[in-house]
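A.B. asks: Handing you this structure, nothing more for now.
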Amino acid sequence: MTLHPTQARAFAPASVGNIGVGFDLLGHAIDGPRDIATVRLIQQPLVRVDAVRGRVRGIEDIPLEAAANTAGRALMALREALGLAHGFAIELDKGIPLGSGLGGSAASCVAALVAANALLDAPLSREALYPFALEGEWASTHSRQGDNVGPMLVGGVALATQTRLLRLDVPEWLHCVAVQPDLVLETRRARAVLSEPYPLPQVVAHSAHLAVFLTGLARADAALIAEGLRDILVEPRRAPLIPGFAAVKQAAMDHRALGASISGGGPTCFAWFESRAEAEAAAPAMVAGFNQAGCAAQAHVSPVAGPRAELLGAD
């Protein structure tokens with residue numbers, strides 16, 4: 001007789017939100033920093049966040065109140081939707097700093113969902129978990145965008161709308177450098193600079209870039225990817241919030257990047273390359289761009305087809 005597990009652990013990877021050209025629509029997972037969630041079944045019909053641990057920046061600001069915590073809120077939505085009689089207790093081990101542009105709030109949410117899913121009598125598909133992940137994100141950003149939680153759930157590059165989560169095929173040779181400076185840029189502040197309307201011709205031009213970029217991914221065509229990977233909407237408004245951004249981007253382009261921009265709301269910057277060797281060669285120069293602006297930074301080199309969140313164990 002197999003005993004049903006009452007506790008599970010799962011990790012969720014960091015991610016590059018937006019991928020520059022796909023604001024609130026596209027993102028990809030990276031093999032680098034990660035969050036781990038431990039979820040236990042409890043008899044009480046509620047969700048508790050019992051602990052948040054880690055040595056990353058911003059951890060002291062993470063609320064233990066379930067409704068205000070991304071992991072807690074996601075599991076509250078899961079309980080309500082499935083009509084579960086039992087509850088969940090969550091412990092989070094943070095590896096992704098908040099305000100880094102690497103999906104730190106999203107990773108806790110997704111790791112908790114994947115762990116809790118393993119404790120269900122009938123576990124859900126990753127796509128079925130997606131609406132609960134969107135609800136969890138609301139706790140952090142007061143918006144329900146899927147460009148971080150989506151790729152964390154399915155891995156690689158994801159197209160994440162309000163109603164659909166689709167993993168996109170990407171060539172294995174594509175690699176990313178994500179350079180994370182020792183800076184904080186709150187998502188709400190990064191979104192505030194986007195409030196002014198955009199001229200229609202600019203929106204049309206940006207849409208053309210997105211179409212070319214997606215076609216390049218589908219065809220594994222580096223030239224089309226490079227032509228499309230140009231953010232003319234969000235990057236110009238957010239770049240002034242990130243000291244050293246221009247130097248970091250220029251360093252990437254000088255090292256044959258297909259394109260470079262801001263990861264999520266920043267301040268992390270990313271660039272795509274045609275090979276791991278090119279990415280590794282560019283990483284020190286990109287870090288130096290932040291150093292010249294007086295900011296310590298570290299680089300993460302990863303396939304663009306990064307890992308999805310996975311179960312680490314259940315008992």
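Each chain of the structure tokens is named A, B, ... in the order shown, its residues numbered from 1; ligands are numbered from 1 in display order.
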Report the closest atom pair, with its distance in Å rounded to one decimal, for each residue of segment 138-233 of chain A that has an atom no farther than 8 Å from segment 86-106 of chain A; count only C-alpha atoms, sort by chain and then rising residue number, and write it as a tab-separated table.

C.D. replies:
```
residue	atom	partner	partner_atom	distance
A:Ser140	CA	A:Ser105	CA	6.6
A:Asn148	CA	A:Gly103	CA	5.7
A:Val149	CA	A:Ala106	CA	5.4
A:Gln180	CA	A:Ser100	CA	6.8
A:Pro181	CA	A:Ser100	CA	7.8
A:Leu183	CA	A:Ser100	CA	7.1
A:Val184	CA	A:Gly99	CA	5.0
A:Leu185	CA	A:Gly99	CA	5.1
A:Glu186	CA	A:Gly99	CA	4.9
A:Thr187	CA	A:Gly99	CA	6.6
```

A.B. asks: For the residues in the current selection, export all heavy atoms as a PDB file, in the first residue's frame.

C.D. replies:
```pdb
ATOM      1  N   SER A 140       2.105  40.633  -5.147  1.00  0.00           N
ATOM      2  CA  SER A 140       3.339  41.414  -5.200  1.00  0.00           C
ATOM      3  C   SER A 140       3.206  42.668  -6.047  1.00  0.00           C
ATOM      4  O   SER A 140       3.692  43.739  -5.664  1.00  0.00           O
ATOM      5  CB  SER A 140       4.471  40.549  -5.762  1.00  0.00           C
ATOM      6  OG  SER A 140       5.634  41.300  -5.962  1.00  0.00           O
ATOM      7  N   ASN A 148       6.594  36.014 -16.037  1.00  0.00           N
ATOM      8  CA  ASN A 148       7.530  35.312 -15.155  1.00  0.00           C
ATOM      9  C   ASN A 148       7.001  33.951 -14.725  1.00  0.00           C
ATOM     10  O   ASN A 148       7.680  32.940 -14.863  1.00  0.00           O
ATOM     11  CB  ASN A 148       7.847  36.163 -13.922  1.00  0.00           C
ATOM     12  CG  ASN A 148       8.780  37.318 -14.235  1.00  0.00           C
ATOM     13  OD1 ASN A 148       9.845  37.139 -14.811  1.00  0.00           O
ATOM     14  ND2 ASN A 148       8.375  38.516 -13.863  1.00  0.00           N
ATOM     15  N   VAL A 149       5.779  33.912 -14.202  1.00  0.00           N
ATOM     16  CA  VAL A 149       5.250  32.629 -13.727  1.00  0.00           C
ATOM     17  C   VAL A 149       5.070  31.635 -14.870  1.00  0.00           C
ATOM     18  O   VAL A 149       5.236  30.426 -14.682  1.00  0.00           O
ATOM     19  CB  VAL A 149       3.924  32.811 -12.948  1.00  0.00           C
ATOM     20  CG1 VAL A 149       4.141  33.628 -11.686  1.00  0.00           C
ATOM     21  CG2 VAL A 149       2.832  33.419 -13.817  1.00  0.00           C
ATOM     22  N   GLN A 180      22.996  40.701 -13.103  1.00  0.00           N
ATOM     23  CA  GLN A 180      22.206  41.167 -11.956  1.00  0.00           C
ATOM     24  C   GLN A 180      23.047  42.129 -11.113  1.00  0.00           C
ATOM     25  O   GLN A 180      23.978  41.723 -10.430  1.00  0.00           O
ATOM     26  CB  GLN A 180      21.793  39.950 -11.128  1.00  0.00           C
ATOM     27  CG  GLN A 180      21.118  40.234  -9.814  1.00  0.00           C
ATOM     28  CD  GLN A 180      21.029  38.966  -8.978  1.00  0.00           C
ATOM     29  OE1 GLN A 180      21.110  37.845  -9.469  1.00  0.00           O
ATOM     30  NE2 GLN A 180      20.886  39.147  -7.673  1.00  0.00           N
ATOM     31  N   PRO A 181      22.722  43.437 -11.140  1.00  0.00           N
ATOM     32  CA  PRO A 181      23.480  44.384 -10.327  1.00  0.00           C
ATOM     33  C   PRO A 181      22.988  44.395  -8.883  1.00  0.00           C
ATOM     34  O   PRO A 181      21.872  43.961  -8.588  1.00  0.00           O
ATOM     35  CB  PRO A 181      23.190  45.719 -11.007  1.00  0.00           C
ATOM     36  CG  PRO A 181      21.798  45.548 -11.531  1.00  0.00           C
ATOM     37  CD  PRO A 181      21.676  44.096 -11.938  1.00  0.00           C
ATOM     38  N   LEU A 183      21.440  46.276  -7.051  1.00  0.00           N
ATOM     39  CA  LEU A 183      20.520  47.401  -7.015  1.00  0.00           C
ATOM     40  C   LEU A 183      19.115  46.870  -6.793  1.00  0.00           C
ATOM     41  O   LEU A 183      18.833  45.701  -7.094  1.00  0.00           O
ATOM     42  CB  LEU A 183      20.539  48.180  -8.334  1.00  0.00           C
ATOM     43  CG  LEU A 183      21.840  48.859  -8.758  1.00  0.00           C
ATOM     44  CD1 LEU A 183      21.721  49.327 -10.203  1.00  0.00           C
ATOM     45  CD2 LEU A 183      22.129  50.042  -7.851  1.00  0.00           C
ATOM     46  N   VAL A 184      18.229  47.722  -6.332  1.00  0.00           N
ATOM     47  CA  VAL A 184      16.814  47.377  -6.195  1.00  0.00           C
ATOM     48  C   VAL A 184      16.003  48.308  -7.074  1.00  0.00           C
ATOM     49  O   VAL A 184      16.196  49.527  -7.046  1.00  0.00           O
ATOM     50  CB  VAL A 184      16.339  47.524  -4.731  1.00  0.00           C
ATOM     51  CG1 VAL A 184      14.840  47.255  -4.636  1.00  0.00           C
ATOM     52  CG2 VAL A 184      17.106  46.583  -3.824  1.00  0.00           C
ATOM     53  N   LEU A 185      15.122  47.736  -7.891  1.00  0.00           N
ATOM     54  CA  LEU A 185      14.183  48.536  -8.667  1.00  0.00           C
ATOM     55  C   LEU A 185      12.811  47.889  -8.495  1.00  0.00           C
ATOM     56  O   LEU A 185      12.538  46.835  -9.064  1.00  0.00           O
ATOM     57  CB  LEU A 185      14.586  48.576 -10.143  1.00  0.00           C
ATOM     58  CG  LEU A 185      13.677  49.381 -11.080  1.00  0.00           C
ATOM     59  CD1 LEU A 185      13.459  50.793 -10.563  1.00  0.00           C
ATOM     60  CD2 LEU A 185      14.248  49.412 -12.491  1.00  0.00           C
ATOM     61  N   GLU A 186      11.979  48.503  -7.689  1.00  0.00           N
ATOM     62  CA  GLU A 186      10.673  47.926  -7.402  1.00  0.00           C
ATOM     63  C   GLU A 186       9.809  47.897  -8.658  1.00  0.00           C
ATOM     64  O   GLU A 186       9.798  48.844  -9.443  1.00  0.00           O
ATOM     65  CB  GLU A 186       9.971  48.722  -6.300  1.00  0.00           C
ATOM     66  CG  GLU A 186      10.643  48.617  -4.948  1.00  0.00           C
ATOM     67  CD  GLU A 186       9.875  49.359  -3.870  1.00  0.00           C
ATOM     68  OE1 GLU A 186       8.846  49.986  -4.208  1.00  0.00           O
ATOM     69  OE2 GLU A 186      10.293  49.297  -2.714  1.00  0.00           O
ATOM     70  N   THR A 187       9.085  46.793  -8.816  1.00  0.00           N
ATOM     71  CA  THR A 187       8.256  46.619 -10.005  1.00  0.00           C
ATOM     72  C   THR A 187       7.258  47.758 -10.165  1.00  0.00           C
ATOM     73  O   THR A 187       7.031  48.244 -11.281  1.00  0.00           O
ATOM     74  CB  THR A 187       7.505  45.280  -9.924  1.00  0.00           C
ATOM     75  OG1 THR A 187       8.461  44.221  -9.822  1.00  0.00           O
ATOM     76  CG2 THR A 187       6.650  45.065 -11.168  1.00  0.00           C
TER      77      THR A 187
END
```

A.B. asks: List the spatial neighbours of Glu135 of chain A as number ranges by chain - criterion: any atom at most 9 Å away, only C-alpha atoms, same-chain residues fewer than 3 positions off excluded.

C.D. replies: A: 70, 73-74, 77, 130-132, 138-139, 143-144

A.B. asks: Determine, counting only C-alpha atoms, which protein, DNA and RNA residues have an atom within 9 Å of an atom of segment 109-122 of chain A; residues of the same chain fewer than 4 positions away are not included. Present the result as number ranges by chain.

C.D. replies: A: 4-13, 35-41, 69-75, 78, 88, 90-92, 105, 126, 129-130, 132-133, 136-137, 149-150, 152-153, 309-314

A.B. asks: Taking into account only C-alpha atoms, which residue in the set A:Ala29, A:Ala222, A:Val234, A:Ala178 is nearest to Gln202 of chain A?

C.D. replies: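 The shortest atom-to-atom distance to Gln202 of chain A comes from A:Val234.
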
A.B. asks: List every residue of segment 73-252 of chain A that DSSP, applied to the backbone of this structure, places in strand (DSSP E or B), and write the result as a VMD selection string.

C.D. replies: chain A and resid 87 to 93 157 to 160 165 to 168 175 to 181

A.B. asks: Selected residues, N, CA, C and O atoms, written as a CSV table (one decimal), in the first residue's frame, please.

C.D. replies:
```csv
chain,number,residue,atom,x,y,z
A,87,GLY,N,-5.8,22.2,4.5
A,87,GLY,CA,-5.1,23.5,4.2
A,87,GLY,C,-3.6,23.2,3.9
A,87,GLY,O,-3.2,22.0,3.8
A,88,PHE,N,-2.8,24.2,3.7
A,88,PHE,CA,-1.4,24.1,3.4
A,88,PHE,C,-0.6,25.0,4.4
A,88,PHE,O,-1.0,26.1,4.7
A,89,ALA,N,0.6,24.5,4.8
A,89,ALA,CA,1.6,25.3,5.5
A,89,ALA,C,2.8,25.4,4.6
A,89,ALA,O,3.3,24.4,4.0
A,90,ILE,N,3.3,26.6,4.4
A,90,ILE,CA,4.4,26.8,3.4
A,90,ILE,C,5.6,27.3,4.2
A,90,ILE,O,5.6,28.2,5.1
A,91,GLU,N,6.8,26.8,3.7
A,91,GLU,CA,8.1,27.4,4.1
A,91,GLU,C,8.9,27.7,2.8
A,91,GLU,O,8.9,26.9,1.9
A,92,LEU,N,9.4,28.9,2.8
A,92,LEU,CA,10.1,29.4,1.6
A,92,LEU,C,11.6,29.6,1.9
A,92,LEU,O,12.0,30.2,2.9
A,93,ASP,N,12.4,29.0,1.0
A,93,ASP,CA,13.9,29.3,1.0
A,93,ASP,C,14.2,30.1,-0.2
A,93,ASP,O,14.2,29.5,-1.4
A,157,VAL,N,11.0,29.3,-23.3
A,157,VAL,CA,10.3,30.5,-23.6
A,157,VAL,C,8.8,30.2,-23.6
A,157,VAL,O,8.3,29.2,-24.1
A,158,ALA,N,8.1,31.1,-22.9
A,158,ALA,CA,6.6,31.0,-22.8
A,158,ALA,C,5.9,32.2,-23.3
A,158,ALA,O,6.4,33.3,-23.1
A,159,LEU,N,4.8,32.0,-24.0
A,159,LEU,CA,3.9,33.1,-24.4
A,159,LEU,C,2.8,33.0,-23.4
A,159,LEU,O,2.1,31.9,-23.3
A,160,ALA,N,2.6,34.0,-22.5
A,160,ALA,CA,1.7,33.9,-21.4
A,160,ALA,C,0.8,35.1,-21.4
A,160,ALA,O,1.1,36.2,-21.1
A,165,LEU,N,-1.3,29.8,-21.7
A,165,LEU,CA,0.1,29.6,-21.4
A,165,LEU,C,0.6,28.6,-22.5
A,165,LEU,O,0.2,27.4,-22.5
A,166,LEU,N,1.5,29.1,-23.3
A,166,LEU,CA,2.1,28.3,-24.4
A,166,LEU,C,3.6,28.3,-24.3
A,166,LEU,O,4.2,29.3,-24.4
A,167,ARG,N,4.2,27.1,-24.3
A,167,ARG,CA,5.6,27.0,-24.4
A,167,ARG,C,6.0,27.0,-25.9
A,167,ARG,O,5.4,26.4,-26.7
A,168,LEU,N,7.0,27.9,-26.2
A,168,LEU,CA,7.4,28.1,-27.6
A,168,LEU,C,8.7,27.3,-27.9
A,168,LEU,O,9.6,27.2,-27.0
A,175,HIS,N,21.6,31.1,-26.2
A,175,HIS,CA,22.0,31.3,-24.8
A,175,HIS,C,21.8,32.7,-24.4
A,175,HIS,O,21.8,33.7,-25.2
A,176,CYS,N,21.7,32.9,-23.1
A,176,CYS,CA,21.4,34.2,-22.5
A,176,CYS,C,22.4,34.5,-21.4
A,176,CYS,O,23.0,33.6,-20.7
A,177,VAL,N,22.8,35.8,-21.3
A,177,VAL,CA,23.5,36.3,-20.2
A,177,VAL,C,22.6,37.2,-19.4
A,177,VAL,O,22.0,38.2,-20.0
A,178,ALA,N,22.3,37.0,-18.2
A,178,ALA,CA,21.5,37.9,-17.3
A,178,ALA,C,22.5,38.5,-16.3
A,178,ALA,O,23.0,37.7,-15.5
A,179,VAL,N,22.7,39.8,-16.3
A,179,VAL,CA,23.6,40.4,-15.4
A,179,VAL,C,22.8,41.1,-14.3
A,179,VAL,O,22.1,42.1,-14.6
A,180,GLN,N,23.0,40.7,-13.1
A,180,GLN,CA,22.2,41.2,-12.0
A,180,GLN,C,23.0,42.1,-11.1
A,180,GLN,O,24.0,41.7,-10.4
A,181,PRO,N,22.7,43.4,-11.1
A,181,PRO,CA,23.5,44.4,-10.3
A,181,PRO,C,23.0,44.4,-8.9
A,181,PRO,O,21.9,44.0,-8.6
```

A.B. asks: With distances taken over only C-alpha atoms, which residue among A:Glu280, A:Ser195, A:Leu174, A:Arg237 lies nearest Leu258 of chain A?

C.D. replies: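 Among the listed residues, A:Leu174 lies closest to Leu258 of chain A.
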
A.B. asks: When DSSP is applied to the backbone of this structure, which of segment 55-298 of chain A are assigned helix (DSSP H, G or I)? Write them out as a PyMOL selection string.

C.D. replies: chain A and resi 59-61+66-68+70-82+104-117+126-141+149-154+187-192+200-219+222-228+235-241+245-254+276-292

A.B. asks: Can you tell me which residues surround Asp169 of chain A at a distance of at most 12 Å, considering only C-alpha atoms, apart from same-chain residues fewer than 4 positions away, and format the answer as a PyMOL selection string?

C.D. replies: chain A and resi 28+154-159+174+214-220+304-306

A.B. asks: Tell me which protein, DNA and RNA residues are within 12 Å of Ala205 of chain A, counting only C-alpha atoms, leaving out same-chain ones fewer than 4 positions away, and put them as a compact mmCIF listing (two decimals) with all heavy atoms, in the first residue's frame.

C.D. replies:
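File out31.txt, as written:
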```
# COMPACT_ATOMS: atom_id res chain seq x y z
N VAL A 21 11.06 42.63 -26.13
CA VAL A 21 10.04 42.95 -27.12
C VAL A 21 8.65 42.45 -26.74
O VAL A 21 7.66 42.88 -27.33
CB VAL A 21 10.46 42.37 -28.49
CG1 VAL A 21 10.30 40.86 -28.53
CG2 VAL A 21 9.73 43.03 -29.63
N TYR A 198 1.40 56.01 -25.62
CA TYR A 198 2.39 55.85 -26.68
C TYR A 198 1.79 56.26 -28.02
O TYR A 198 0.62 55.96 -28.30
CB TYR A 198 2.85 54.40 -26.78
CG TYR A 198 3.76 53.96 -25.67
CD1 TYR A 198 3.24 53.37 -24.51
CD2 TYR A 198 5.13 54.11 -25.77
CE1 TYR A 198 4.07 52.96 -23.48
CE2 TYR A 198 5.98 53.70 -24.75
CZ TYR A 198 5.44 53.12 -23.61
OH TYR A 198 6.27 52.72 -22.60
N PRO A 199 2.57 56.90 -28.90
CA PRO A 199 2.06 57.22 -30.24
C PRO A 199 1.77 55.94 -31.03
O PRO A 199 2.52 54.96 -30.93
CB PRO A 199 3.22 57.99 -30.88
CG PRO A 199 4.12 58.39 -29.77
CD PRO A 199 3.94 57.37 -28.69
N LEU A 200 0.71 55.96 -31.80
CA LEU A 200 0.32 54.78 -32.56
C LEU A 200 1.43 54.27 -33.48
O LEU A 200 1.67 53.05 -33.53
CB LEU A 200 -0.95 55.07 -33.37
CG LEU A 200 -1.49 53.90 -34.20
CD1 LEU A 200 -1.81 52.70 -33.32
CD2 LEU A 200 -2.73 54.34 -34.98
N PRO A 201 2.15 55.13 -34.23
CA PRO A 201 3.21 54.60 -35.10
C PRO A 201 4.28 53.82 -34.32
O PRO A 201 4.82 52.84 -34.82
CB PRO A 201 3.80 55.86 -35.74
CG PRO A 201 2.69 56.85 -35.70
CD PRO A 201 1.96 56.58 -34.42
N HIS A 209 8.27 44.39 -34.66
CA HIS A 209 9.43 43.73 -34.06
C HIS A 209 9.03 42.42 -33.39
O HIS A 209 9.71 41.40 -33.52
CB HIS A 209 10.09 44.64 -33.02
CG HIS A 209 10.73 45.85 -33.60
ND1 HIS A 209 11.09 46.94 -32.85
CD2 HIS A 209 11.09 46.15 -34.87
CE1 HIS A 209 11.64 47.86 -33.61
NE2 HIS A 209 11.64 47.40 -34.85
N LEU A 210 7.91 42.44 -32.65
CA LEU A 210 7.44 41.25 -31.97
C LEU A 210 7.12 40.14 -32.97
O LEU A 210 7.50 38.97 -32.76
CB LEU A 210 6.21 41.58 -31.13
CG LEU A 210 5.53 40.41 -30.41
CD1 LEU A 210 6.49 39.71 -29.46
CD2 LEU A 210 4.29 40.90 -29.65
N ALA A 211 6.46 40.49 -34.07
CA ALA A 211 6.11 39.50 -35.08
C ALA A 211 7.36 38.88 -35.71
O ALA A 211 7.44 37.66 -35.90
CB ALA A 211 5.23 40.13 -36.15
N VAL A 212 8.33 39.71 -36.01
CA VAL A 212 9.57 39.20 -36.60
C VAL A 212 10.31 38.32 -35.59
O VAL A 212 10.86 37.26 -35.94
CB VAL A 212 10.45 40.38 -37.07
CG1 VAL A 212 11.84 39.89 -37.47
CG2 VAL A 212 9.79 41.09 -38.25
N GLU A 227 16.74 40.92 -35.58
CA GLU A 227 15.96 42.03 -36.13
C GLU A 227 14.78 42.38 -35.24
O GLU A 227 14.40 43.55 -35.09
CB GLU A 227 15.47 41.68 -37.53
CG GLU A 227 14.72 42.80 -38.22
CD GLU A 227 14.26 42.42 -39.62
OE1 GLU A 227 14.83 41.47 -40.22
OE2 GLU A 227 13.32 43.07 -40.14
N GLY A 228 14.18 41.35 -34.63
CA GLY A 228 13.00 41.58 -33.82
C GLY A 228 13.28 41.94 -32.37
O GLY A 228 12.45 42.58 -31.71
N ARG A 230 14.22 44.11 -30.36
CA ARG A 230 14.47 45.54 -30.15
C ARG A 230 13.24 46.15 -29.48
O ARG A 230 12.17 46.22 -30.08
CB ARG A 230 14.74 46.24 -31.49
CG ARG A 230 16.08 45.85 -32.12
CD ARG A 230 16.35 46.69 -33.36
NE ARG A 230 15.44 46.36 -34.45
CZ ARG A 230 15.17 47.17 -35.47
NH1 ARG A 230 15.71 48.39 -35.51
NH2 ARG A 230 14.35 46.79 -36.43
N ASP A 231 13.41 46.58 -28.26
CA ASP A 231 12.30 47.14 -27.48
C ASP A 231 12.32 48.66 -27.61
O ASP A 231 13.16 49.34 -27.03
CB ASP A 231 12.47 46.73 -26.02
CG ASP A 231 11.41 47.35 -25.11
OD1 ASP A 231 10.45 47.95 -25.63
OD2 ASP A 231 11.56 47.23 -23.88
N ILE A 232 11.36 49.19 -28.36
CA ILE A 232 11.28 50.64 -28.53
C ILE A 232 10.17 51.27 -27.69
O ILE A 232 9.98 52.48 -27.73
CB ILE A 232 11.09 51.02 -30.02
CG1 ILE A 232 9.78 50.44 -30.56
CG2 ILE A 232 12.28 50.56 -30.85
CD1 ILE A 232 9.45 50.92 -31.98
N LEU A 233 9.46 50.43 -26.91
CA LEU A 233 8.39 50.96 -26.06
C LEU A 233 8.84 51.11 -24.61
O LEU A 233 8.80 52.21 -24.04
CB LEU A 233 7.17 50.03 -26.10
CG LEU A 233 6.31 50.02 -27.37
CD1 LEU A 233 5.09 49.14 -27.14
CD2 LEU A 233 5.88 51.42 -27.76
```

A.B. asks: Using only C-alpha atoms, can you tell me which of A:Gly58, A:Phe23, A:Gln298, A:Leu46 comes closest to Ile262 of chain A?

C.D. replies: A:Phe23

A.B. asks: So how many Å separate atom CA of Ser302 of chain A and atom CA of Arg256 of chain A, to one decimal?

C.D. replies: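 Computed distance, atom CA of Ser302 of chain A to atom CA of Arg256 of chain A, equals 16.5 Å.
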
A.B. asks: Which polymer residues have any atom within 10 Å of an atom of segment 289-294 of chain A, counting only C-alpha atoms, with same-chain residues fewer than 6 positions away left out, as a PDB file with C-alpha atoms, in the first residue's frame?

C.D. replies:
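In the end it all went to result_21.pdb:
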```
ATOM      1  CA  VAL A 179      23.610  40.412 -15.377  1.00  0.00           C
ATOM      2  CA  GLN A 180      22.206  41.167 -11.956  1.00  0.00           C
ATOM      3  CA  PRO A 181      23.480  44.384 -10.327  1.00  0.00           C
ATOM      4  CA  ASP A 182      23.430  45.013  -6.610  1.00  0.00           C
ATOM      5  CA  ILE A 242      19.205  51.681 -14.168  1.00  0.00           C
ATOM      6  CA  PRO A 243      22.698  53.136 -13.652  1.00  0.00           C
ATOM      7  CA  GLY A 244      25.101  51.668 -16.201  1.00  0.00           C
ATOM      8  CA  PHE A 245      22.438  50.203 -18.475  1.00  0.00           C
ATOM      9  CA  ALA A 246      23.756  51.813 -21.653  1.00  0.00           C
ATOM     10  CA  ALA A 247      27.267  50.512 -21.010  1.00  0.00           C
ATOM     11  CA  VAL A 248      26.009  47.007 -20.222  1.00  0.00           C
ATOM     12  CA  LYS A 249      23.929  46.859 -23.393  1.00  0.00           C
ATOM     13  CA  GLN A 250      26.752  48.234 -25.516  1.00  0.00           C
ATOM     14  CA  ALA A 251      29.148  45.641 -24.099  1.00  0.00           C
ATOM     15  CA  ALA A 252      26.729  42.895 -25.080  1.00  0.00           C
ATOM     16  CA  CYS A 269      19.900  43.279 -17.933  1.00  0.00           C
TER      17      CYS A 269
END
```

A.B. asks: Find the residue from A:Ile30, A:Ala67, A:Val47, A:Leu241 that sits nearest to Arg79 of chain A; use only C-alpha atoms when measuring.

C.D. replies: A:Val47

A.B. asks: Under the rule that only C-alpha atoms are counted, which of A:Leu134, A:Ala271, A:Leu64, A:Ala281 is the nearest residue to Ile225 of chain A?

C.D. replies: A:Ala271

A.B. asks: Give me, please, the distance in Å between atom CA of Glu65 of chain A and atom CA of Ile42 of chain A, quoted to one decimal.

C.D. replies: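 Atom CA of Glu65 of chain A sits 16.7 Å away from atom CA of Ile42 of chain A.
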